[in-house]
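Asks: Input: one structure, supplied below.
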Amino acid sequence: MTTTDAAAVAALKQDNAQYLWHPMAHPQAMLKSKPDIIARGQGCWIWDVDGHKMLDGVGGLWAANLGHSNKPVRDAIVAQLDELPFYNVFRGTTHPRAIELSARLVKTMEPDGVAAVFFSNGGSDAVEGALKLARQYWKLKGQADRFKFIALRQGYHGVHFGGMSVNGNLNFRRAYEPLLPGCFHVDTPWLYRNPYTQDPEELGEICATQLEREIQFQGPDTVAAFIAEPIQGAGGVIVPPPNYWPRVREICDKYGVLLIADEVVTGFGRGGAMFGTRLWNVKADLWCLAKGISSGYVPLGATAIGNKVAEVFLNDASGQAAVGHGYTYSAHPVAAAAALATLDQIEALDVPGNAARVGAHFQARVRPFVDKFSFVGDVRGMGLMLGIEMVADKATRTTLPRGNPIAAKVAQAAYQRGLMVRISGPNLILSPPLVITREEVDFMVDALEGAFADVEATL
Ligand code: PMP
């Protein structure tokens with residue numbers, strides 16, 4: 001579509017407002033606000049239907065890690081469509097791409113202690129699979145009372161009933177209560193906002209101890225698992241202190257609680273290591289994977305199963321270890337083909353290494369925004385994930401009230417300067433493709449700095 005198709009563009013905008021209910025949006029909002037209709041992508045760049053070119057600071061939605069036009073992934077998808085567009089992997093059948101991808105993923109994650117994978121269609125599915133396998137694990141071990149989950153207050157684990165029940169954000173739960181029984185929350189080690197300390201090490205210890213006290217309070221023999229993101233994404237890109245995850249692992253081991261790492265965002269390189277847990281030198285028991293697994297080209301989710309959990313299923317003598325869970329499209333051949341090609345590209349292009357190197361430059365350039373702009377309270381992140389928290393009052397760290405126009409103004413100013421960003425509450429979140437170059441990062445930061453300056457000038 002080109003800018004000359006003005007009538008077609010107008011019709012698209014009208015139909016979007018009238019017929020399409022968007023995730024996480026008020027149906028009325030689309031009637032009032034102008035949505036960006038993204039029509040085309042090339043590398044790290046996107047064009048909307050009006051022909052406006054932008055650097056994709058959102059990476060699709062933390063997903064298009066290889067950019068928007070990776071040819072080997074595209075070719076693998078097309079070849080798979082020609083060979084076998086669909087078959088299922090329910091008991092009795094399977095197909096080559098599913099098998100190849102499972103072997104490839106397990107080999108990739110062997111150092112992490114992974115034994116097998118279970119496929120699904122996205123991040124929420126991957127979380128649901130992990131929660132269900134955790135409960136089944138304890139039933140198989142004869143400890144059916146271990147059904148509770150503990151999670152973090154700023155965590156995001158998708159939108160299914162299980163994931164929503166362990167989510168930390170009220171906005172994603174409130175309209176759908178009552179939730180899954182047996183889900184409890186402890187404080188996130190969030191240096192910028194916590195009532196305890198400004199010392200990272202001390203905070204890591206305090207928050208880990210909170211988890212231990214919650215396990216004790218619930219009764220260790222009732223807790224199935226603790227679930228958390230290695231770096232919290234949607235909650236505002238909250239990077240835990242380095243001692244936090246190792247202490248969490250120790251505590252989970254002490255009480256026999258399973259550790260579920262939700263790597264939907266951090267998996268496949270975003271934080272500068274292939275997996276977020278590797279950033280903290282920790283092995284989980286179950287991992288939730290999606291997004292970057294197929295670079296977002298085709299929906300795919302996976303729950304990776306650690307040795308300890310797998311053994312219990314494989315050694316089961318009770319006959320209760322059948323996995324009563326799964327989807328028509330689990331290990332969809334086209335998604336599996338996309339993922340295999342994506343994994344090849346991640347290795348060939350050293351995607352995690354690029355995220356670490358270019359990401360360090362990115363973080364260093366944006367961090368000074370805290371001193372430059374009156375409404376920037378905190379800049380935090382790791383690798384190619386970065387959050388800028390905007391505040392109403394910097395001295396008191398008073399959060400921007402809901403509906404405050406500043407965040408939307410920054411996003412609009414960034415758009416004008418050719419940069420797509422994402423606003424989540426008071427946070428501006430950046431998660432560009434992981435193949436981004438240093439020059440493109442400089443473009444992104446210059447556009448962002450200009451956008452903040454534009455808004456600052458209006459205050
Ligand atoms: N877990 C995490 C950590 C996520 O960030 C997300 C989505 N952003 C999900 C789960 C849910 O994934 P999906 O939207 O693919 O269902």
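Going by the structure tokens order, chains are called A, B, ..., each with residues numbered from 1, while ligands are numbered from 1 in the order shown.
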Check which residues fall inside 6 Å of ligand 1 when counting only C-alpha atoms and all ligand atoms, and print them as a compact mmCIF listing (two decimals) with C-alpha atoms, in the first residue's frame.

Replies:
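result11.txt, written as the output of this step:
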# COMPACT_ATOMS: atom_id res chain seq x y z
CA GLY A 122 2.93 -18.45 22.53
CA GLY A 123 4.08 -17.09 25.85
CA SER A 124 0.83 -17.45 27.78
CA TYR A 156 3.93 -10.57 33.88
CA HIS A 157 3.15 -14.11 32.84
CA GLY A 158 0.55 -13.75 30.13
CA GLU A 229 11.15 -13.49 34.84
CA GLY A 233 9.84 -6.98 31.09
CA ALA A 234 6.28 -5.69 30.95
CA ASP A 262 9.59 -17.15 32.46
CA VAL A 264 9.39 -15.37 27.11
CA VAL A 265 11.16 -12.01 26.77

Asks: Can you pull out the residues contacting Thr303 in chain A? Cut-off 6 Å, using only C-alpha atoms, and skip same-chain residues under 2 positions away; I want them as an MDAnalysis selection string.

Replies: chainID A and resid 117:118 126 287:288

Asks: Taking 2 positions as the minimum chain separation for residues in the same chain, which residues sit within 12 Å of Ala302 in chain A when counting only C-alpha atoms? Answer as a PyMOL selection string.

Replies: chain A and resi 98+101-102+105-106+116-130+262-264+267+286-294+299-300+304-305+326-327+329-332+335-336+339

Asks: Considering only C-alpha atoms, state which residue in the set A:Thr266, A:Gly359, A:Asp442, A:Val334 is at the smallest distance from Pro85 in chain A.

Replies: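 Of all the options, A:Val334 lies closest to Pro85 in chain A.
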
Asks: Could you please write out, as a PyMOL selection string, every residue of range 104-270 of chain A that DSSP assigns to helix (DSSP H, G or I)?

Replies: chain A and resi 104-108+110-112+123-140+161-166+170-172+174-176+200-218+220-222+244-255

Asks: Hey, can you check how far CA of Val323 in chain A sits from CA of Ala310 in chain A?

Replies: 11.6 Å
